[in-house]
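**Q** So here's model.json (JSON, C-alpha atoms).
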[["chain", "number", "residue", "atom", "x", "y", "z"],
["A", 216, "MET", "CA", 8.20, -46.52, 7.51],
["A", 217, "THR", "CA", 11.16, -45.74, 9.71],
["A", 218, "ALA", "CA", 11.25, -42.71, 11.98],
["A", 219, "SER", "CA", 14.14, -41.15, 10.06],
["A", 220, "ARG", "CA", 12.36, -41.59, 6.71],
["A", 221, "ARG", "CA", 9.15, -40.11, 8.16],
["A", 222, "ALA", "CA", 11.11, -37.11, 9.51],
["A", 223, "PHE", "CA", 12.77, -36.67, 6.12],
["A", 224, "LEU", "CA", 9.44, -36.72, 4.27],
["A", 225, "ILE", "CA", 7.82, -34.31, 6.73],
["A", 226, "GLY", "CA", 10.82, -31.98, 6.45],
["A", 227, "THR", "CA", 10.89, -31.97, 2.66],
["A", 228, "THR", "CA", 7.13, -31.45, 2.50],
["A", 229, "ALA", "CA", 7.41, -28.45, 4.83],
["A", 230, "VAL", "CA", 10.23, -26.96, 2.75],
["A", 231, "ALA", "CA", 8.24, -27.43, -0.47],
["A", 232, "ALA", "CA", 5.16, -25.84, 1.08],
["A", 233, "ALA", "CA", 7.17, -22.88, 2.34],
["A", 234, "ALA", "CA", 8.78, -22.42, -1.07],
["A", 235, "ALA", "CA", 5.33, -22.20, -2.66],
["A", 236, "ILE", "CA", 4.46, -19.12, -0.58],
["A", 237, "PRO", "CA", 5.55, -15.91, -2.31],
["A", 238, "SER", "CA", 8.35, -14.16, -0.44],
["A", 239, "TRP", "CA", 6.30, -10.98, -0.02],
["A", 240, "ALA", "CA", 3.42, -12.81, 1.67],
["A", 241, "ALA", "CA", 5.29, -13.26, 4.92],
["A", 242, "ALA", "CA", 7.15, -9.96, 4.68],
["A", 243, "VAL", "CA", 4.24, -7.54, 4.25],
["A", 244, "PRO", "CA", 3.50, -5.76, 7.53],
["A", 245, "PRO", "CA", -0.05, -4.79, 8.44],
["A", 246, "MET", "CA", -1.40, -1.47, 7.18],
["A", 247, "HIS", "CA", -3.49, 1.00, 9.17],
["A", 248, "VAL", "CA", -5.66, 3.38, 7.13],
["A", 249, "LEU", "CA", -7.23, 6.61, 8.34],
["A", 250, "LYS", "CA", -10.21, 7.83, 6.31],
["A", 251, "ASP", "CA", -13.46, 9.74, 6.41],
["A", 252, "PRO", "CA", -16.34, 7.36, 7.25],
["A", 253, "ASN", "CA", -18.37, 8.58, 4.26],
["A", 254, "CYS", "CA", -15.73, 8.03, 1.58],
["A", 255, "GLY", "CA", -16.66, 5.14, -0.73],
["A", 256, "CYS", "CA", -13.55, 5.26, -2.92],
["A", 257, "CYS", "CA", -11.36, 4.75, 0.18],
["A", 258, "GLY", "CA", -13.31, 1.58, 0.95],
["A", 259, "ALA", "CA", -12.85, 0.36, -2.62],
["A", 260, "TRP", "CA", -9.06, 0.91, -2.38],
["A", 261, "ILE", "CA", -8.93, -0.93, 0.95],
["A", 262, "GLU", "CA", -10.79, -3.90, -0.56],
["A", 263, "ILE", "CA", -8.24, -4.04, -3.40],
["A", 264, "LEU", "CA", -5.45, -4.21, -0.81],
["A", 265, "ARG", "CA", -7.22, -6.94, 1.18],
["A", 266, "THR", "CA", -7.88, -8.96, -1.97],
["A", 267, "ASP", "CA", -4.16, -8.78, -2.70],
["A", 268, "GLY", "CA", -3.27, -10.19, 0.73],
["A", 269, "PHE", "CA", -2.72, -7.06, 2.83],
["A", 270, "ASP", "CA", -3.92, -7.07, 6.44],
["A", 271, "VAL", "CA", -5.64, -3.67, 6.69],
["A", 272, "THR", "CA", -7.19, -2.03, 9.73],
["A", 273, "VAL", "CA", -9.35, 1.05, 9.26],
["A", 274, "GLU", "CA", -9.86, 4.07, 11.47],
["A", 275, "ASN", "CA", -12.75, 6.34, 10.50],
["A", 276, "THR", "CA", -11.96, 9.88, 11.56],
["A", 277, "SER", "CA", -12.93, 13.48, 10.86],
["A", 278, "TRP", "CA", -11.34, 15.46, 8.02],
["A", 279, "ASP", "CA", -9.72, 17.76, 10.59],
["A", 280, "ALA", "CA", -8.12, 14.89, 12.49],
["A", 281, "LEU", "CA", -7.06, 13.23, 9.23],
["A", 282, "ASN", "CA", -5.40, 16.41, 7.97],
["A", 283, "ARG", "CA", -3.62, 16.92, 11.31],
["A", 284, "PHE", "CA", -2.30, 13.35, 11.06],
["A", 285, "LYS", "CA", -1.04, 13.94, 7.51],
["A", 286, "LEU", "CA", 0.76, 17.18, 8.34],
["A", 287, "SER", "CA", 2.20, 15.92, 11.64],
["A", 288, "ASN", "CA", 3.72, 12.98, 9.75],
["A", 289, "GLY", "CA", 5.46, 15.23, 7.22],
["A", 290, "LEU", "CA", 3.09, 14.90, 4.28],
["A", 291, "PRO", "CA", 3.32, 18.02, 2.07],
["A", 292, "GLU", "CA", -0.06, 19.72, 1.57],
["A", 293, "ASN", "CA", 0.25, 19.53, -2.23],
["A", 294, "MET", "CA", 0.58, 15.72, -2.03],
["A", 295, "THR", "CA", -2.60, 14.96, -0.09],
["A", 296, "SER", "CA", -5.56, 12.86, -1.09],
["A", 297, "CYS", "CA", -8.62, 11.40, 0.64],
["A", 298, "HIS", "CA", -7.07, 8.73, 2.88],
["A", 299, "THR", "CA", -3.72, 7.93, 4.49],
["A", 300, "GLY", "CA", -2.23, 4.54, 5.25],
["A", 301, "LYS", "CA", 0.75, 3.66, 7.38],
["A", 302, "ILE", "CA", 2.74, 0.49, 6.68],
["A", 303, "GLY", "CA", 6.26, -0.55, 7.59],
["A", 304, "GLY", "CA", 7.15, 2.97, 8.73],
["A", 305, "TYR", "CA", 5.90, 4.58, 5.50],
["A", 306, "LEU", "CA", 2.88, 6.73, 4.66],
["A", 307, "ILE", "CA", 0.73, 5.71, 1.72],
["A", 308, "GLU", "CA", -1.34, 8.68, 0.60],
["A", 309, "GLY", "CA", -4.28, 8.24, -1.73],
["A", 310, "HIS", "CA", -4.98, 5.62, -4.37],
["A", 311, "VAL", "CA", -1.50, 4.09, -4.63],
["A", 312, "PRO", "CA", -1.42, 0.82, -6.61],
["A", 313, "VAL", "CA", -0.50, -2.39, -4.79],
["A", 314, "ALA", "CA", 2.58, -2.97, -6.99],
["A", 315, "ASP", "CA", 4.04, 0.36, -5.89],
["A", 316, "ILE", "CA", 3.45, -0.37, -2.20],
["A", 317, "ARG", "CA", 5.18, -3.73, -2.58],
["A", 318, "ARG", "CA", 8.09, -2.11, -4.43],
["A", 319, "LEU", "CA", 8.44, 0.52, -1.69],
["A", 320, "LEU", "CA", 8.56, -2.20, 0.97],
["A", 321, "ASP", "CA", 11.08, -4.23, -1.05],
["A", 322, "GLU", "CA", 13.42, -1.32, -1.85],
["A", 323, "ARG", "CA", 13.05, 0.47, 1.54],
["A", 324, "PRO", "CA", 14.19, 3.94, 0.38],
["A", 325, "ASP", "CA", 14.87, 6.71, 2.89],
["A", 326, "ALA", "CA", 11.51, 8.42, 2.42],
["A", 327, "ILE", "CA", 8.25, 9.38, 4.09],
["A", 328, "GLY", "CA", 6.29, 7.23, 1.67],
["A", 329, "LEU", "CA", 4.24, 7.32, -1.52],
["A", 330, "SER", "CA", 1.47, 9.59, -2.73],
["A", 331, "VAL", "CA", -1.06, 9.78, -5.52],
["A", 332, "PRO", "CA", -2.27, 13.36, -5.00],
["A", 333, "GLY", "CA", -5.91, 14.11, -5.67],
["A", 334, "MET", "CA", -8.15, 11.32, -6.85],
["A", 335, "PRO", "CA", -7.22, 10.44, -10.45],
["A", 336, "TYR", "CA", -9.90, 8.54, -12.33],
["A", 337, "GLY", "CA", -8.91, 4.94, -12.98],
["A", 338, "SER", "CA", -6.42, 4.71, -10.11],
["A", 339, "PRO", "CA", -7.18, 1.79, -7.73],
["A", 340, "GLY", "CA", -10.63, 2.32, -6.23],
["A", 341, "MET", "CA", -11.44, 5.22, -8.58],
["A", 342, "GLY", "CA", -13.07, 3.54, -11.56],
["A", 343, "PRO", "CA", -11.99, 1.16, -14.30],
["A", 344, "GLU", "CA", -8.27, 1.02, -15.00],
["A", 345, "SER", "CA", -9.01, 0.69, -18.73],
["A", 346, "GLU", "CA", -10.44, 4.24, -18.66],
["A", 347, "ARG", "CA", -7.87, 5.80, -16.36],
["A", 348, "GLU", "CA", -6.40, 9.24, -16.75],
["A", 349, "ALA", "CA", -2.61, 9.50, -16.64],
["A", 350, "TYR", "CA", -1.21, 9.93, -13.15],
["A", 351, "ASP", "CA", 2.01, 9.66, -11.18],
["A", 352, "VAL", "CA", 2.88, 7.94, -7.94],
["A", 353, "PHE", "CA", 5.35, 10.14, -6.07],
["A", 354, "LEU", "CA", 8.09, 9.10, -3.67],
["A", 355, "LEU", "CA", 8.10, 11.64, -0.85],
["A", 356, "ARG", "CA", 11.58, 12.32, 0.46],
["A", 357, "ARG", "CA", 12.25, 13.35, 4.05],
["A", 358, "ASP", "CA", 13.74, 16.67, 2.88],
["A", 359, "GLY", "CA", 10.34, 17.70, 1.49],
["A", 360, "SER", "CA", 11.13, 16.90, -2.13],
["A", 361, "ALA", "CA", 9.16, 14.48, -4.28],
["A", 362, "GLU", "CA", 10.06, 12.46, -7.36],
["A", 363, "VAL", "CA", 8.06, 10.29, -9.71],
["A", 364, "PHE", "CA", 8.18, 6.70, -8.45],
["A", 365, "THR", "CA", 5.92, 5.30, -11.18],
["A", 366, "HIS", "CA", 4.06, 6.90, -14.09],
["A", 367, "TYR", "CA", 0.76, 5.42, -15.25],
["A", 368, "ALA", "CA", -0.26, 6.38, -18.78],
["A", 369, "ALA", "CA", -3.88, 6.98, -19.69],
["A", 370, "GLY", "CA", -5.78, 3.71, -20.20]]
Spell out the structure here as structure tokens.
**A**
Amino acid sequence: MTASRRAFLIGTTAVAAAAAIPSWAAAVPPMHVLKDPNCGCCGAWIEILRTDGFDVTVENTSWDALNRFKLSNGLPENMTSCHTGKIGGYLIEGHVPVADIRRLLDERPDAIGLSVPGMPYGSPGMGPESEREAYDVFLLRRDGSAEVFTHYAAG
């Protein structure tokens, strides 16, 4: 085999391999999550993210420190939940589904981030999706307003 043919085959193989990788796989930045060390549902949500290819680091912290972090980063009190993630310059509050995080990172709106306030049953990490209660994922705007980003009907 000639050197030019070998180079061509190596090049086309590399291009084909790169094309097989989903575009989001290389584009997803790492996520850092702050949570209470005793919260099991937070751990379940983190495992869902990791299973879906997210690189997640975890910082166990006190409730007081966690709440100070939320408020100092502009999270409205009525939009809080049990854990807070930071990814690509956005906050991810509570049990936000992976699809919504990916959409946020793809669309890059001018916002603080996403929130699923409270801990709705059937949201990621909070029980079976087939039994979920209806809930909304909110887009948190920098002006303090919030709008529904995605609605999830009861399962």
**Q** If you measure from atom CA of A:Tyr350 to atom CA of A:Pro335, what distance in Å do you get, rounded to one decimal?
**A** 6.6 Å
**Q** If we draw a sphere of 9 Å around (-6.7, 13.9, 9.0), which residues have at least one atom in it when counting all atoms listed in the file? Please report them as a ChimeraX atom specification.
**A** /A:249-251,276-286,297-299
**Q** Expressed in Å to a single decimal, how great is the separation between atom CA of A:Cys257 and atom CA of A:Gly340?
**A**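 The value is 6.9 Å.
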**Q** A:Met341, A:Ala314, A:Met334, A:Arg356: which is nearest A:Gly258, counting only C-alpha atoms?
**A**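 So, comparing all the options, the nearest one is A:Met341.
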**Q** Using all atoms listed in the file, find all polymer residues with an atom at most 12 Å away from the point (-10.0, 1.4, -6.5); report them as an NGL selection string.
**A** :A and (254-266 or 309-313 or 334-344 or 347)
**Q** If you measure from atom CA of A:Thr295 to atom CA of A:Glu274, what distance in Å do you get, rounded to one decimal?
**A**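 Distance reported for this atom pair: 17.5 Å.
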**Q** Tell me which of A:Ala368, A:Met294, A:Val271, A:Leu355 sits closest to A:Ala326, counting all atoms listed in the file.
**A**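 Closest residue, counting all atoms listed in the file: A:Leu355.
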**Q** Using only C-alpha atoms, which of A:Leu320, A:Val248, A:Val273, A:Leu329 sits nearest A:Gly289?
**A**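 When distances to A:Gly289 are compared using only C-alpha atoms, the smallest one comes from A:Leu329.
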**Q** Using all atoms listed in the file, which of A:Gly359, A:Gly333, A:Gly370, A:Gly300 sits nearest A:Ser345?
**A**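 Of A:Gly359, A:Gly333, A:Gly370, A:Gly300, the one nearest A:Ser345 is A:Gly370, counting all atoms listed in the file.
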**Q** Just checking: using all atoms listed in the file, which residue out of A:Pro324, A:Gly268, A:Pro291, A:Pro332 ends up closest to A:Met246?
**A**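 Nearest to A:Met246: A:Gly268.
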**Q** Reconstruct N, CA and C atoms of stretch 271-302 of chain A from the incomplete input and present them as a tab-separated table (two decimals), in the frame of the given file.
**A**
chain	number	residue	atom	x	y	z
A	271	VAL	N	-5.36	-5.10	6.57
A	271	VAL	CA	-5.64	-3.67	6.69
A	271	VAL	C	-6.63	-3.42	7.83
A	272	THR	N	-6.25	-2.53	8.73
A	272	THR	CA	-7.19	-2.03	9.73
A	272	THR	C	-7.60	-0.62	9.31
A	273	VAL	N	-8.81	-0.23	9.69
A	273	VAL	CA	-9.35	1.05	9.26
A	273	VAL	C	-9.79	1.86	10.47
A	274	GLU	N	-9.43	3.13	10.44
A	274	GLU	CA	-9.86	4.07	11.47
A	274	GLU	C	-10.63	5.20	10.79
A	275	ASN	N	-11.94	5.24	11.02
A	275	ASN	CA	-12.75	6.34	10.50
A	275	ASN	C	-12.54	7.54	11.40
A	276	THR	N	-12.27	8.69	10.79
A	276	THR	CA	-11.96	9.88	11.56
A	276	THR	C	-12.48	11.12	10.82
A	277	SER	N	-12.48	12.24	11.49
A	277	SER	CA	-12.93	13.48	10.86
A	277	SER	C	-11.87	13.99	9.89
A	278	TRP	N	-12.29	14.85	8.96
A	278	TRP	CA	-11.34	15.46	8.02
A	278	TRP	C	-10.28	16.25	8.77
A	279	ASP	N	-10.69	16.97	9.82
A	279	ASP	CA	-9.72	17.76	10.59
A	279	ASP	C	-8.66	16.88	11.22
A	280	ALA	N	-9.08	15.80	11.86
A	280	ALA	CA	-8.12	14.89	12.49
A	280	ALA	C	-7.24	14.22	11.44
A	281	LEU	N	-7.82	13.86	10.31
A	281	LEU	CA	-7.06	13.23	9.23
A	281	LEU	C	-6.00	14.18	8.69
A	282	ASN	N	-6.37	15.43	8.47
A	282	ASN	CA	-5.40	16.41	7.97
A	282	ASN	C	-4.31	16.70	8.99
A	283	ARG	N	-4.65	16.74	10.27
A	283	ARG	CA	-3.62	16.92	11.31
A	283	ARG	C	-2.63	15.76	11.29
A	284	PHE	N	-3.15	14.53	11.12
A	284	PHE	CA	-2.30	13.35	11.06
A	284	PHE	C	-1.34	13.45	9.87
A	285	LYS	N	-1.86	13.83	8.72
A	285	LYS	CA	-1.04	13.94	7.51
A	285	LYS	C	0.11	14.93	7.73
A	286	LEU	N	-0.24	16.12	8.18
A	286	LEU	CA	0.76	17.18	8.34
A	286	LEU	C	1.75	16.85	9.45
A	287	SER	N	1.28	16.25	10.54
A	287	SER	CA	2.20	15.92	11.64
A	287	SER	C	3.16	14.79	11.27
A	288	ASN	N	2.83	14.04	10.22
A	288	ASN	CA	3.72	12.98	9.75
A	288	ASN	C	4.56	13.40	8.55
A	289	GLY	N	4.57	14.71	8.25
A	289	GLY	CA	5.46	15.23	7.22
A	289	GLY	C	4.93	15.22	5.80
A	290	LEU	N	3.65	14.94	5.62
A	290	LEU	CA	3.09	14.90	4.28
A	290	LEU	C	2.89	16.33	3.76
A	291	PRO	N	3.52	16.68	2.63
A	291	PRO	CA	3.32	18.02	2.07
A	291	PRO	C	1.86	18.23	1.66
A	292	GLU	N	1.35	19.43	1.88
A	292	GLU	CA	-0.06	19.72	1.57
A	292	GLU	C	-0.40	19.46	0.11
A	293	ASN	N	0.53	19.72	-0.80
A	293	ASN	CA	0.25	19.53	-2.23
A	293	ASN	C	0.27	18.06	-2.65
A	294	MET	N	0.53	17.15	-1.72
A	294	MET	CA	0.58	15.72	-2.03
A	294	MET	C	-0.55	14.95	-1.35
A	295	THR	N	-1.55	15.65	-0.83
A	295	THR	CA	-2.60	14.96	-0.09
A	295	THR	C	-3.68	14.41	-1.00
A	296	SER	N	-4.42	13.47	-0.43
A	296	SER	CA	-5.56	12.86	-1.09
A	296	SER	C	-6.62	12.59	-0.02
A	297	CYS	N	-7.47	11.60	-0.25
A	297	CYS	CA	-8.62	11.40	0.64
A	297	CYS	C	-8.37	10.45	1.81
A	298	HIS	N	-7.35	9.64	1.77
A	298	HIS	CA	-7.07	8.73	2.88
A	298	HIS	C	-5.56	8.56	3.02
A	299	THR	N	-5.15	8.11	4.20
A	299	THR	CA	-3.72	7.93	4.49
A	299	THR	C	-3.52	6.58	5.17
A	300	GLY	N	-2.59	5.81	4.64
A	300	GLY	CA	-2.23	4.54	5.25
A	300	GLY	C	-0.84	4.62	5.84
A	301	LYS	N	-0.59	3.76	6.80
A	301	LYS	CA	0.75	3.66	7.38
A	301	LYS	C	1.12	2.18	7.38
A	302	ILE	N	2.29	1.88	6.78
A	302	ILE	CA	2.74	0.49	6.68
A	302	ILE	C	4.26	0.46	6.70
